[in-house]
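The file structure-v3.pdb contains PDB, C-alpha atoms:
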```pdb
ATOM      1  CA  MET A1407      -5.011 -41.340 -58.445
ATOM      2  CA  PRO A1408      -2.717 -38.365 -59.110
ATOM      3  CA  ARG A1409       0.674 -38.611 -60.734
ATOM      4  CA  PHE A1410       3.630 -37.931 -58.459
ATOM      5  CA  GLY A1411       6.460 -35.835 -59.828
ATOM      6  CA  TYR A1412       9.757 -34.397 -58.689
ATOM      7  CA  PHE A1413      10.331 -30.646 -58.257
ATOM      8  CA  LEU A1414      13.750 -29.503 -59.500
ATOM      9  CA  ALA A1415      14.842 -26.466 -57.457
ATOM     10  CA  SER A1416      16.928 -24.189 -59.684
ATOM     11  CA  GLU A1417      17.640 -21.896 -56.738
ATOM     12  CA  GLU A1418      19.496 -24.617 -54.844
ATOM     13  CA  HIS A1419      21.282 -26.610 -57.560
ATOM     14  CA  GLY A1420      23.405 -25.972 -60.619
ATOM     15  CA  PRO A1421      22.398 -27.107 -64.112
ATOM     16  CA  LYS A1422      24.317 -30.397 -64.180
ATOM     17  CA  GLU A1423      23.030 -31.398 -60.767
ATOM     18  CA  LEU A1424      19.443 -30.647 -61.829
ATOM     19  CA  VAL A1425      19.813 -32.985 -64.798
ATOM     20  CA  ARG A1426      21.355 -35.657 -62.566
ATOM     21  CA  GLN A1427      18.476 -35.393 -60.114
ATOM     22  CA  ALA A1428      15.973 -35.681 -62.967
ATOM     23  CA  VAL A1429      17.577 -38.989 -63.978
ATOM     24  CA  LEU A1430      17.419 -40.212 -60.374
ATOM     25  CA  ALA A1431      13.764 -39.148 -60.175
ATOM     26  CA  GLU A1432      12.848 -41.141 -63.261
ATOM     27  CA  GLN A1433      14.698 -44.199 -61.935
ATOM     28  CA  ALA A1434      12.883 -43.858 -58.589
ATOM     29  CA  GLY A1435       9.445 -43.970 -60.208
ATOM     30  CA  PHE A1436       8.498 -40.308 -60.336
ATOM     31  CA  GLU A1437       6.277 -39.633 -63.333
ATOM     32  CA  CYS A1438       6.889 -35.976 -64.216
ATOM     33  CA  LEU A1439       9.061 -32.948 -63.435
ATOM     34  CA  TRP A1440       8.607 -29.381 -62.269
ATOM     35  CA  ILE A1441      11.467 -26.919 -62.648
ATOM     36  CA  SER A1442      11.631 -23.420 -61.156
ATOM     37  CA  ASP A1443      12.636 -20.390 -63.246
ATOM     38  CA  HIS A1444      14.667 -17.770 -61.356
ATOM     39  CA  PHE A1445      17.323 -15.158 -62.024
ATOM     40  CA  HIS A1446      18.248 -14.913 -58.323
ATOM     41  CA  PRO A1447      17.901 -17.511 -55.564
ATOM     42  CA  TRP A1448      15.723 -16.584 -52.602
ATOM     43  CA  LEU A1449      18.691 -16.707 -50.217
ATOM     44  CA  ASP A1450      22.398 -16.376 -50.977
ATOM     45  CA  GLU A1451      22.878 -19.654 -49.112
ATOM     46  CA  GLN A1452      20.890 -21.474 -51.813
ATOM     47  CA  GLY A1453      23.590 -20.394 -54.215
ATOM     48  CA  ASN A1454      22.237 -21.051 -57.732
ATOM     49  CA  SER A1455      19.951 -19.891 -60.537
ATOM     50  CA  PRO A1456      20.827 -21.420 -63.927
ATOM     51  CA  PHE A1457      18.971 -20.368 -67.079
ATOM     52  CA  VAL A1458      15.946 -22.638 -67.098
ATOM     53  CA  TRP A1459      15.610 -22.979 -70.866
ATOM     54  CA  SER A1460      19.121 -24.391 -71.217
ATOM     55  CA  VAL A1461      18.399 -26.907 -68.474
ATOM     56  CA  ILE A1462      15.129 -27.952 -70.149
ATOM     57  CA  GLY A1463      17.056 -28.644 -73.348
ATOM     58  CA  ALA A1464      19.402 -30.909 -71.400
ATOM     59  CA  LEU A1465      16.485 -32.621 -69.632
ATOM     60  CA  SER A1466      14.915 -33.453 -72.996
ATOM     61  CA  GLN A1467      17.965 -35.556 -73.851
ATOM     62  CA  ALA A1468      18.394 -37.158 -70.427
ATOM     63  CA  VAL A1469      14.896 -38.336 -69.384
ATOM     64  CA  ARG A1470      11.525 -39.239 -70.875
ATOM     65  CA  LEU A1471       9.467 -37.426 -68.250
ATOM     66  CA  PRO A1472       7.076 -34.518 -68.920
ATOM     67  CA  VAL A1473       8.411 -31.117 -67.794
ATOM     68  CA  THR A1474       6.512 -28.076 -66.482
ATOM     69  CA  THR A1475       8.023 -24.679 -65.710
ATOM     70  CA  ALA A1476       6.921 -23.798 -62.179
ATOM     71  CA  VAL A1477       6.782 -21.046 -63.059
ATOM     72  CA  THR A1478       8.013 -18.663 -65.761
ATOM     73  CA  CYS A1479       7.149 -14.960 -65.652
ATOM     74  CA  PRO A1480       6.575 -13.645 -69.207
ATOM     75  CA  THR A1481       5.901 -10.022 -68.317
ATOM     76  CA  VAL A1482       8.951  -7.940 -67.317
ATOM     77  CA  ARG A1483      12.324  -9.687 -67.484
ATOM     78  CA  ILE A1484      11.528 -11.574 -70.705
ATOM     79  CA  HIS A1485       9.117 -10.413 -73.407
ATOM     80  CA  PRO A1486       6.271 -12.881 -74.011
ATOM     81  CA  ALA A1487       7.326 -13.318 -77.657
ATOM     82  CA  ILE A1488      10.659 -14.737 -76.476
ATOM     83  CA  VAL A1489       8.903 -16.979 -73.963
ATOM     84  CA  ALA A1490       6.702 -18.254 -76.801
ATOM     85  CA  GLN A1491       9.796 -19.131 -78.843
ATOM     86  CA  ALA A1492      11.462 -20.863 -75.877
ATOM     87  CA  ALA A1493       8.316 -22.835 -75.071
ATOM     88  CA  ALA A1494       7.789 -23.929 -78.674
ATOM     89  CA  THR A1495      11.374 -25.185 -78.886
ATOM     90  CA  SER A1496      11.019 -27.006 -75.554
ATOM     91  CA  GLN A1497       7.851 -28.715 -76.771
ATOM     92  CA  ILE A1498       9.697 -29.974 -79.857
ATOM     93  CA  LEU A1499      12.676 -31.238 -77.849
ATOM     94  CA  LEU A1500      10.418 -32.978 -75.333
ATOM     95  CA  ASP A1501       8.264 -34.605 -78.050
ATOM     96  CA  GLY A1502       5.107 -32.944 -76.789
ATOM     97  CA  ARG A1503       5.766 -33.480 -73.063
ATOM     98  CA  PHE A1504       6.186 -29.802 -72.120
ATOM     99  CA  VAL A1505       3.788 -27.625 -70.128
ATOM    100  CA  LEU A1506       4.361 -23.867 -69.995
ATOM    101  CA  GLY A1507       3.646 -22.853 -66.406
ATOM    102  CA  LEU A1508       3.297 -19.068 -66.083
ATOM    103  CA  GLY A1509       2.904 -16.629 -63.198
ATOM    104  CA  THR A1510       2.980 -12.955 -62.342
ATOM    105  CA  GLY A1511       6.494 -13.233 -60.918
ATOM    106  CA  GLU A1512       8.492 -11.658 -58.121
ATOM    107  CA  ALA A1513      10.540  -8.472 -57.971
ATOM    108  CA  LEU A1514      13.444 -10.702 -56.900
ATOM    109  CA  ASN A1515      13.838 -11.843 -60.505
ATOM    110  CA  GLU A1516      12.091  -9.218 -62.580
ATOM    111  CA  HIS A1517      13.603  -5.953 -61.297
ATOM    112  CA  ILE A1518      16.988  -6.678 -62.882
ATOM    113  CA  THR A1519      16.239  -4.842 -66.149
ATOM    114  CA  GLY A1520      15.440  -1.633 -64.250
ATOM    115  CA  ALA A1521      11.750  -1.739 -65.172
ATOM    116  CA  ARG A1522       9.160  -0.530 -62.679
ATOM    117  CA  TRP A1523       7.674  -3.337 -60.589
ATOM    118  CA  PRO A1524       3.888  -3.159 -61.155
ATOM    119  CA  THR A1525       1.097  -3.609 -58.635
ATOM    120  CA  ALA A1526      -0.531  -7.013 -58.230
ATOM    121  CA  ASP A1527      -3.601  -6.032 -60.269
ATOM    122  CA  GLU A1528      -1.418  -4.702 -63.077
ATOM    123  CA  ARG A1529       0.752  -7.820 -63.029
ATOM    124  CA  ARG A1530      -2.311 -10.004 -63.534
ATOM    125  CA  GLU A1531      -3.410  -7.771 -66.397
ATOM    126  CA  MET A1532       0.070  -8.009 -67.953
ATOM    127  CA  LEU A1533       0.079 -11.788 -67.603
ATOM    128  CA  GLU A1534      -3.271 -12.109 -69.335
ATOM    129  CA  GLU A1535      -2.045  -9.992 -72.253
ATOM    130  CA  ALA A1536       1.224 -11.958 -72.359
ATOM    131  CA  ILE A1537      -0.760 -15.192 -72.686
ATOM    132  CA  GLU A1538      -2.647 -13.687 -75.621
ATOM    133  CA  VAL A1539       0.666 -12.860 -77.314
ATOM    134  CA  ILE A1540       2.045 -16.356 -76.711
ATOM    135  CA  ARG A1541      -1.062 -18.117 -77.985
ATOM    136  CA  GLU A1542      -1.150 -15.942 -81.097
ATOM    137  CA  LEU A1543       2.472 -16.749 -81.902
ATOM    138  CA  PHE A1544       1.798 -20.459 -81.351
ATOM    139  CA  THR A1545      -0.488 -20.336 -84.419
ATOM    140  CA  GLY A1546       2.535 -19.860 -86.675
ATOM    141  CA  ARG A1547       1.076 -16.736 -88.226
ATOM    142  CA  GLN A1548       2.938 -13.454 -88.484
ATOM    143  CA  VAL A1549       1.892 -11.316 -85.543
ATOM    144  CA  THR A1550       1.754  -7.551 -85.213
ATOM    145  CA  ARG A1551      -0.006  -6.021 -82.260
ATOM    146  CA  HIS A1552       0.141  -2.897 -80.129
ATOM    147  CA  GLY A1553      -1.399  -3.808 -76.801
ATOM    148  CA  ARG A1554      -1.549  -1.917 -73.568
ATOM    149  CA  HIS A1555       1.630  -3.566 -72.281
ATOM    150  CA  TYR A1556       3.300  -5.327 -75.219
ATOM    151  CA  THR A1557       4.185  -4.510 -78.790
ATOM    152  CA  VAL A1558       4.919  -7.262 -81.294
ATOM    153  CA  ASP A1559       6.208  -6.203 -84.712
ATOM    154  CA  THR A1560       5.836  -8.674 -87.610
ATOM    155  CA  ALA A1561       6.966 -11.646 -85.512
ATOM    156  CA  ARG A1562       6.543 -15.261 -86.544
ATOM    157  CA  LEU A1563       7.705 -18.519 -84.961
ATOM    158  CA  TYR A1564       9.212 -20.832 -87.558
ATOM    159  CA  SER A1565      10.138 -23.788 -85.326
ATOM    160  CA  LEU A1566       6.755 -24.971 -84.095
ATOM    161  CA  PRO A1567       5.642 -28.272 -82.573
ATOM    162  CA  SER A1568       2.728 -30.178 -84.077
ATOM    163  CA  GLU A1569       0.710 -29.208 -80.979
ATOM    164  CA  PRO A1570       1.502 -26.117 -78.897
ATOM    165  CA  PRO A1571       2.282 -26.695 -75.218
ATOM    166  CA  PRO A1572      -0.604 -26.182 -72.819
ATOM    167  CA  ILE A1573      -0.401 -23.069 -70.664
ATOM    168  CA  TYR A1574      -0.981 -23.392 -66.922
ATOM    169  CA  VAL A1575      -1.154 -20.388 -64.583
ATOM    170  CA  SER A1576       0.072 -20.122 -61.002
ATOM    171  CA  ALA A1577      -2.351 -18.931 -58.343
ATOM    172  CA  PHE A1578      -1.949 -18.109 -54.644
ATOM    173  CA  GLY A1579      -5.205 -16.220 -54.154
ATOM    174  CA  ASP A1580      -8.786 -16.072 -55.397
ATOM    175  CA  LYS A1581      -8.201 -13.399 -58.064
ATOM    176  CA  ALA A1582      -5.307 -15.244 -59.657
ATOM    177  CA  ALA A1583      -7.173 -18.557 -59.410
ATOM    178  CA  ALA A1584     -10.191 -17.051 -61.165
ATOM    179  CA  MET A1585      -7.964 -15.690 -63.919
ATOM    180  CA  ALA A1586      -6.324 -19.105 -64.285
ATOM    181  CA  GLY A1587      -9.728 -20.741 -64.611
ATOM    182  CA  ARG A1588     -10.726 -18.262 -67.288
ATOM    183  CA  VAL A1589      -7.609 -18.046 -69.494
ATOM    184  CA  ALA A1590      -5.360 -21.041 -68.745
ATOM    185  CA  ASP A1591      -5.366 -24.734 -69.617
ATOM    186  CA  GLY A1592      -4.525 -25.711 -66.035
ATOM    187  CA  LEU A1593      -3.636 -24.544 -62.525
ATOM    188  CA  VAL A1594      -0.302 -24.430 -60.661
ATOM    189  CA  THR A1595      -0.029 -23.801 -56.915
ATOM    190  CA  THR A1596       1.888 -24.829 -53.808
ATOM    191  CA  MET A1597      -0.972 -25.099 -51.332
ATOM    192  CA  PRO A1598      -3.753 -27.695 -50.893
ATOM    193  CA  ASP A1599      -6.174 -24.794 -50.601
ATOM    194  CA  ARG A1600      -9.731 -25.802 -51.449
ATOM    195  CA  GLN A1601     -10.725 -22.147 -51.797
ATOM    196  CA  ILE A1602      -8.195 -21.688 -54.605
ATOM    197  CA  VAL A1603      -9.396 -24.898 -56.242
ATOM    198  CA  GLU A1604     -13.022 -23.754 -56.093
ATOM    199  CA  ALA A1605     -12.202 -20.280 -57.427
ATOM    200  CA  PHE A1606     -10.346 -21.906 -60.311
ATOM    201  CA  ARG A1607     -13.144 -24.324 -61.088
ATOM    202  CA  ASN A1608     -15.941 -21.753 -60.757
ATOM    203  CA  ALA A1609     -14.209 -19.416 -63.228
ATOM    204  CA  GLY A1610     -14.010 -22.029 -65.965
ATOM    205  CA  GLY A1611     -11.468 -24.511 -64.634
ATOM    206  CA  HIS A1612     -13.796 -27.519 -64.257
ATOM    207  CA  GLY A1613     -12.103 -30.495 -65.863
ATOM    208  CA  LYS A1614      -8.796 -28.707 -66.372
ATOM    209  CA  PRO A1615      -5.651 -30.250 -64.834
ATOM    210  CA  MET A1616      -4.337 -28.981 -61.509
ATOM    211  CA  GLN A1617      -0.718 -29.234 -60.366
ATOM    212  CA  ALA A1618       0.709 -28.571 -56.904
ATOM    213  CA  GLY A1619       4.077 -28.879 -55.242
ATOM    214  CA  LEU A1620       5.696 -28.961 -51.816
ATOM    215  CA  LYS A1621       9.122 -29.251 -50.203
ATOM    216  CA  VAL A1622      10.355 -31.915 -47.808
ATOM    217  CA  CYS A1623      13.696 -32.863 -46.297
ATOM    218  CA  TRP A1624      14.545 -36.527 -45.930
ATOM    219  CA  ALA A1625      17.509 -37.308 -43.669
ATOM    220  CA  GLN A1626      18.346 -40.077 -41.227
ATOM    221  CA  ASP A1627      18.204 -37.526 -38.395
ATOM    222  CA  GLU A1628      15.138 -35.284 -38.051
ATOM    223  CA  SER A1629      16.969 -32.535 -36.160
ATOM    224  CA  GLN A1630      19.639 -32.333 -38.845
ATOM    225  CA  ALA A1631      16.945 -32.121 -41.516
ATOM    226  CA  VAL A1632      15.289 -29.249 -39.640
ATOM    227  CA  LYS A1633      18.606 -27.386 -39.562
ATOM    228  CA  THR A1634      19.088 -27.981 -43.290
ATOM    229  CA  VAL A1635      15.664 -26.556 -44.129
ATOM    230  CA  HIS A1636      16.211 -23.598 -41.816
ATOM    231  CA  ARG A1637      19.526 -22.835 -43.481
ATOM    232  CA  LEU A1638      18.358 -23.191 -47.079
ATOM    233  CA  TRP A1639      14.603 -22.520 -47.293
ATOM    234  CA  ARG A1640      13.424 -20.673 -44.168
ATOM    235  CA  ASN A1641      12.164 -17.919 -46.505
ATOM    236  CA  GLU A1642       9.200 -20.152 -47.405
ATOM    237  CA  GLN A1643       7.821 -19.670 -43.896
ATOM    238  CA  VAL A1644       7.448 -15.902 -44.437
ATOM    239  CA  GLY A1645       3.850 -15.128 -45.361
ATOM    240  CA  GLY A1646       2.154 -12.159 -46.960
ATOM    241  CA  GLU A1647       3.328 -10.168 -49.976
ATOM    242  CA  ALA A1648       7.045 -10.106 -49.172
ATOM    243  CA  ALA A1649       7.830 -12.827 -51.720
ATOM    244  CA  GLN A1650       6.466 -10.624 -54.499
ATOM    245  CA  ILE A1651       8.007  -7.272 -53.599
ATOM    246  CA  LEU A1652      11.475  -7.777 -52.064
ATOM    247  CA  PRO A1653      14.226  -7.353 -54.694
ATOM    248  CA  LEU A1654      17.328  -9.104 -53.319
ATOM    249  CA  PRO A1655      18.280 -12.371 -51.601
ATOM    250  CA  ARG A1656      19.717 -10.463 -48.646
ATOM    251  CA  HIS A1657      16.271  -8.964 -48.001
ATOM    252  CA  PHE A1658      14.800 -12.468 -47.726
ATOM    253  CA  ASP A1659      17.655 -13.384 -45.412
ATOM    254  CA  GLN A1660      16.803 -10.403 -43.216
ATOM    255  CA  ILE A1661      13.060 -10.935 -43.105
ATOM    256  CA  SER A1662      13.400 -14.669 -42.453
ATOM    257  CA  GLU A1663      15.478 -14.094 -39.315
ATOM    258  CA  LEU A1664      12.160 -14.365 -37.462
ATOM    259  CA  VAL A1665      11.677 -17.953 -38.667
ATOM    260  CA  THR A1666      12.634 -20.474 -35.987
ATOM    261  CA  GLU A1667      13.666 -24.102 -36.278
ATOM    262  CA  GLU A1668      10.485 -25.020 -34.395
ATOM    263  CA  MET A1669       8.408 -23.379 -37.149
ATOM    264  CA  ILE A1670      10.282 -25.505 -39.689
ATOM    265  CA  ARG A1671       9.687 -28.656 -37.630
ATOM    266  CA  GLN A1672       5.947 -27.963 -37.529
ATOM    267  CA  ASN A1673       5.476 -26.976 -41.167
ATOM    268  CA  VAL A1674       7.935 -29.035 -43.245
ATOM    269  CA  PRO A1675       8.173 -32.849 -43.321
ATOM    270  CA  CYS A1676      11.684 -33.506 -41.987
ATOM    271  CA  GLY A1677      13.537 -36.727 -41.302
ATOM    272  CA  PRO A1678      12.847 -40.434 -41.972
ATOM    273  CA  ASP A1679       9.274 -40.809 -40.685
ATOM    274  CA  VAL A1680       7.207 -42.238 -43.565
ATOM    275  CA  ASP A1681       3.915 -41.205 -41.971
ATOM    276  CA  ARG A1682       5.011 -37.579 -41.716
ATOM    277  CA  HIS A1683       5.810 -37.422 -45.425
ATOM    278  CA  VAL A1684       2.612 -39.189 -46.462
ATOM    279  CA  GLU A1685       0.490 -36.992 -44.201
ATOM    280  CA  ALA A1686       1.994 -33.850 -45.741
ATOM    281  CA  ILE A1687       1.179 -34.988 -49.276
ATOM    282  CA  ARG A1688      -2.269 -36.472 -48.661
ATOM    283  CA  PRO A1689      -4.107 -33.103 -48.388
ATOM    284  CA  PHE A1690      -3.085 -32.391 -51.999
ATOM    285  CA  VAL A1691      -4.561 -35.742 -53.027
ATOM    286  CA  GLU A1692      -7.769 -35.027 -51.133
ATOM    287  CA  ALA A1693      -8.043 -31.550 -52.690
ATOM    288  CA  GLY A1694      -8.202 -33.159 -56.115
ATOM    289  CA  PHE A1695      -4.829 -32.281 -57.634
ATOM    290  CA  ASP A1696      -3.924 -34.299 -60.711
ATOM    291  CA  GLU A1697      -0.159 -33.965 -60.309
ATOM    292  CA  ILE A1698       1.789 -33.488 -57.076
ATOM    293  CA  TYR A1699       5.477 -32.546 -57.127
ATOM    294  CA  ILE A1700       7.865 -33.109 -54.223
ATOM    295  CA  ASN A1701      11.227 -31.399 -53.769
ATOM    296  CA  GLN A1702      14.023 -32.674 -51.543
ATOM    297  CA  ILE A1703      15.812 -29.905 -49.666
ATOM    298  CA  GLY A1704      19.500 -30.357 -49.021
ATOM    299  CA  PRO A1705      22.485 -32.443 -50.062
ATOM    300  CA  GLU A1706      21.095 -35.994 -49.846
ATOM    301  CA  PRO A1707      19.072 -36.644 -53.018
ATOM    302  CA  GLU A1708      20.121 -40.302 -53.271
ATOM    303  CA  GLY A1709      18.718 -41.072 -49.823
ATOM    304  CA  PHE A1710      15.530 -39.169 -50.621
ATOM    305  CA  PHE A1711      14.924 -41.022 -53.890
ATOM    306  CA  ASP A1712      15.571 -44.389 -52.274
ATOM    307  CA  PHE A1713      13.228 -43.529 -49.380
ATOM    308  CA  TYR A1714      10.424 -42.315 -51.656
ATOM    309  CA  SER A1715      10.810 -45.202 -54.098
ATOM    310  CA  ARG A1716      10.642 -47.854 -51.357
ATOM    311  CA  GLU A1717       8.427 -46.263 -48.706
ATOM    312  CA  VAL A1718       6.462 -43.154 -49.650
ATOM    313  CA  LEU A1719       5.315 -43.534 -53.252
ATOM    314  CA  PRO A1720       3.976 -47.094 -52.728
ATOM    315  CA  ARG A1721       1.955 -45.879 -49.715
ATOM    316  CA  LEU A1722       0.532 -42.954 -51.655
ATOM    317  CA  ARG A1723      -0.385 -45.127 -54.634
ATOM    318  CA  GLN A1724      -2.214 -47.601 -52.427
ATOM    319  CA  GLY A1725      -4.668 -44.789 -51.638
TER     320      GLY A1725
END
```

What would the structure in this file look like if it were written as structure tokens?
Amino acid sequence: MPRFGYFLASEEHGPKELVRQAVLAEQAGFECLWISDHFHPWLDEQGNSPFVWSVIGALSQAVRLPVTTAVTCPTVRIHPAIVAQAAATSQILLDGRFVLGLGTGEALNEHITGARWPTADERREMLEEAIEVIRELFTGRQVTRHGRHYTVDTARLYSLPSEPPPIYVSAFGDKAAAMAGRVADGLVTTMPDRQIVEAFRNAGGHGKPMQAGLKVCWAQDESQAVKTVHRLWRNEQVGGEAAQILPLPRHFDQISELVTEEMIRQNVPCGPDVDRHVEAIRPFVEAGFDEIYINQIGPEPEGFFDFYSREVLPRLRQG
């Protein structure tokens, strides 16, 4: 039976609200936390993007749940040596309950330093080298290296946990899944895609943990929930490579104009129907994911946590 966690959406909520929701999640019986790492939200309407490492520090003092970044990009906006330092500190604060989830990122967040946005193949290559840098620094030794993408000059981490955090890698296609299976300690994704699971396992991921997440919108009225999702997260219904290459929230607003409320109704569990929520989560269970994270869209987290605590999580745990 997988563990069920709560997905903290940094794009939609400020830092204090994220900590408050984490407390509610723990009280409702969720077993672990995801938290997104963004510089910009996807849409201006979402309205937030706090610095994830500050929020993780606050979470370590507010709850006893494990925390995974879903996900951090250690390639352009932040040098992997700094990510290694942040992750090591988070692991100490969380008493060994931290997982460093990494991915190749989106131009939305990474373009802000003025660096060139690389191709997908180059981003995967950069991520693999970044993981090498992070793992080397986790040893506590002084590190000097001149790689293809990153230079590290006599750097050493002094505040180190007794065990370094595991590194999971995000994958949305076969190439990324194969890389995750080869170089990571676990897999992160947002789709119950058996092809991704098999690519991960066949490349060395057999026996390694797999995490996945999805978004829902509980509300007493289904139609109101659909409108909430359409207002705040319609960008998630845009397929293809747009999520990786568009640089500004207004671009996601423009491209998601084609998303209709009917598309939301079909693709996102909305409203108070227990069966609809359970049916959306069950494919992740059947695909073999070890941890499944659910995010509530919109302004009614108390109702969501009550609904999941009483109705949804018991059903899921019954099998």

(message) I'd like the contact shell of Trp1639 in chain A - 8 Å cut-off, only C-alpha atoms, skipping same-chain residues fewer than 4 positions apart - returned as a count of residues only.
(response) 4

(request) Name the residues in contact with range 1541-1546 of chain A at a cut-off of 6 Å, using all atoms listed in the file, excluding same-chain residues fewer than 2 positions from it; report them as a list in words. (result)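 Skipping anything fewer than 2 positions along the chain leaves Glu1538, Val1539 and Leu1563 of chain A.
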
(message) Using all atoms listed in the file for the distances, tell me which of A:Ile1661, A:Val1458, A:Met1407, A:Val1558 is nearest to Val1644 in chain A.
(response)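 Of all the options, A:Ile1661 lies closest to Val1644 in chain A.
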
(request) Step by step, work through what the PyMOL selection byres ((chain A and resi 1517-1522) around 8) selects in the shown file, and finish by giving those residues as an MDAnalysis selection string. (result) chainID A and resid 1482:1483 1513:1516 1523:1524 1653

(message) Given the point (20.7, -16.6, -62.1) in the file's coordinates, find the residues that have an atom at most 7 Å from it, counting all atoms listed in the file, and give them as number ranges by chain.
(response) A: 1444-1446, 1454-1457

Same residues, C-alpha atoms, saved as a PDB file, in the frame of the given file:
```pdb
ATOM      1  CA  HIS A1444      14.667 -17.770 -61.356  1.00  0.00           C
ATOM      2  CA  PHE A1445      17.323 -15.158 -62.024  1.00  0.00           C
ATOM      3  CA  HIS A1446      18.248 -14.913 -58.323  1.00  0.00           C
ATOM      4  CA  ASN A1454      22.237 -21.051 -57.732  1.00  0.00           C
ATOM      5  CA  SER A1455      19.951 -19.891 -60.537  1.00  0.00           C
ATOM      6  CA  PRO A1456      20.827 -21.420 -63.927  1.00  0.00           C
ATOM      7  CA  PHE A1457      18.971 -20.368 -67.079  1.00  0.00           C
TER       8      PHE A1457
END
```

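Of the listed residues A:Ala1415, A:Met1597, A:Ala1494, A:Leu1508, the one whose atoms come nearest to Glu1569 in chain A is A:Ala1494, with distances taken using all atoms listed in the file.
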
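We find CA of Gly1420 in chain A and CA of Val1461 in chain A to be spaced 9.4 Å apart.
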
(request) Go through A:Thr1475, A:Ser1460, A:Gln1427, A:Thr1595 one by one, measure the shortest atom-to-atom distance of each to Ser1442 in chain A using only C-alpha atoms, and give the residue with the smallest value. (result) A:Thr1475

Completed range 1438-1443 of chain A (all heavy atoms) as a JSON list (two decimals), in the coordinates of the input:
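Okay, this is what ended up in result_7.json:
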```json
[["chain", "number", "residue", "atom", "x", "y", "z"],
["A", 1438, "CYS", "N", 6.87, -37.26, -63.53],
["A", 1438, "CYS", "CA", 6.89, -35.98, -64.22],
["A", 1438, "CYS", "C", 7.80, -35.03, -63.43],
["A", 1438, "CYS", "O", 8.20, -35.34, -62.30],
["A", 1438, "CYS", "CB", 5.48, -35.38, -64.35],
["A", 1438, "CYS", "SG", 4.38, -35.73, -62.96],
["A", 1439, "LEU", "N", 8.12, -33.89, -64.04],
["A", 1439, "LEU", "CA", 9.06, -32.95, -63.44],
["A", 1439, "LEU", "C", 8.49, -31.54, -63.44],
["A", 1439, "LEU", "O", 7.89, -31.09, -64.42],
["A", 1439, "LEU", "CB", 10.38, -32.93, -64.21],
["A", 1439, "LEU", "CG", 11.20, -34.21, -64.25],
["A", 1439, "LEU", "CD1", 12.33, -34.07, -65.26],
["A", 1439, "LEU", "CD2", 11.75, -34.57, -62.87],
["A", 1440, "TRP", "N", 8.70, -30.84, -62.34],
["A", 1440, "TRP", "CA", 8.61, -29.38, -62.27],
["A", 1440, "TRP", "C", 10.03, -28.82, -62.27],
["A", 1440, "TRP", "O", 10.94, -29.46, -61.73],
["A", 1440, "TRP", "CB", 7.98, -28.96, -60.95],
["A", 1440, "TRP", "CG", 6.52, -28.60, -60.97],
["A", 1440, "TRP", "CD1", 5.61, -28.81, -61.95],
["A", 1440, "TRP", "CD2", 5.81, -27.96, -59.90],
["A", 1440, "TRP", "NE1", 4.37, -28.35, -61.57],
["A", 1440, "TRP", "CE2", 4.48, -27.82, -60.31],
["A", 1440, "TRP", "CE3", 6.18, -27.49, -58.64],
["A", 1440, "TRP", "CZ2", 3.50, -27.23, -59.51],
["A", 1440, "TRP", "CZ3", 5.20, -26.92, -57.84],
["A", 1440, "TRP", "CH2", 3.88, -26.78, -58.27],
["A", 1441, "ILE", "N", 10.20, -27.61, -62.80],
["A", 1441, "ILE", "CA", 11.47, -26.92, -62.65],
["A", 1441, "ILE", "C", 11.20, -25.43, -62.46],
["A", 1441, "ILE", "O", 10.41, -24.83, -63.19],
["A", 1441, "ILE", "CB", 12.41, -27.17, -63.84],
["A", 1441, "ILE", "CG1", 13.78, -26.53, -63.59],
["A", 1441, "ILE", "CG2", 11.80, -26.72, -65.17],
["A", 1441, "ILE", "CD1", 14.87, -26.98, -64.54],
["A", 1442, "SER", "N", 11.84, -24.84, -61.45],
["A", 1442, "SER", "CA", 11.63, -23.42, -61.16],
["A", 1442, "SER", "C", 12.44, -22.57, -62.12],
["A", 1442, "SER", "O", 13.46, -23.00, -62.67],
["A", 1442, "SER", "CB", 12.01, -23.10, -59.71],
["A", 1442, "SER", "OG", 13.33, -23.54, -59.42],
["A", 1443, "ASP", "N", 12.00, -21.34, -62.32],
["A", 1443, "ASP", "CA", 12.64, -20.39, -63.25],
["A", 1443, "ASP", "C", 12.96, -19.12, -62.47],
["A", 1443, "ASP", "O", 12.07, -18.31, -62.20],
["A", 1443, "ASP", "CB", 11.69, -20.10, -64.42],
["A", 1443, "ASP", "CG", 12.26, -19.07, -65.39],
["A", 1443, "ASP", "OD1", 13.42, -18.66, -65.22],
["A", 1443, "ASP", "OD2", 11.54, -18.70, -66.34]]
```
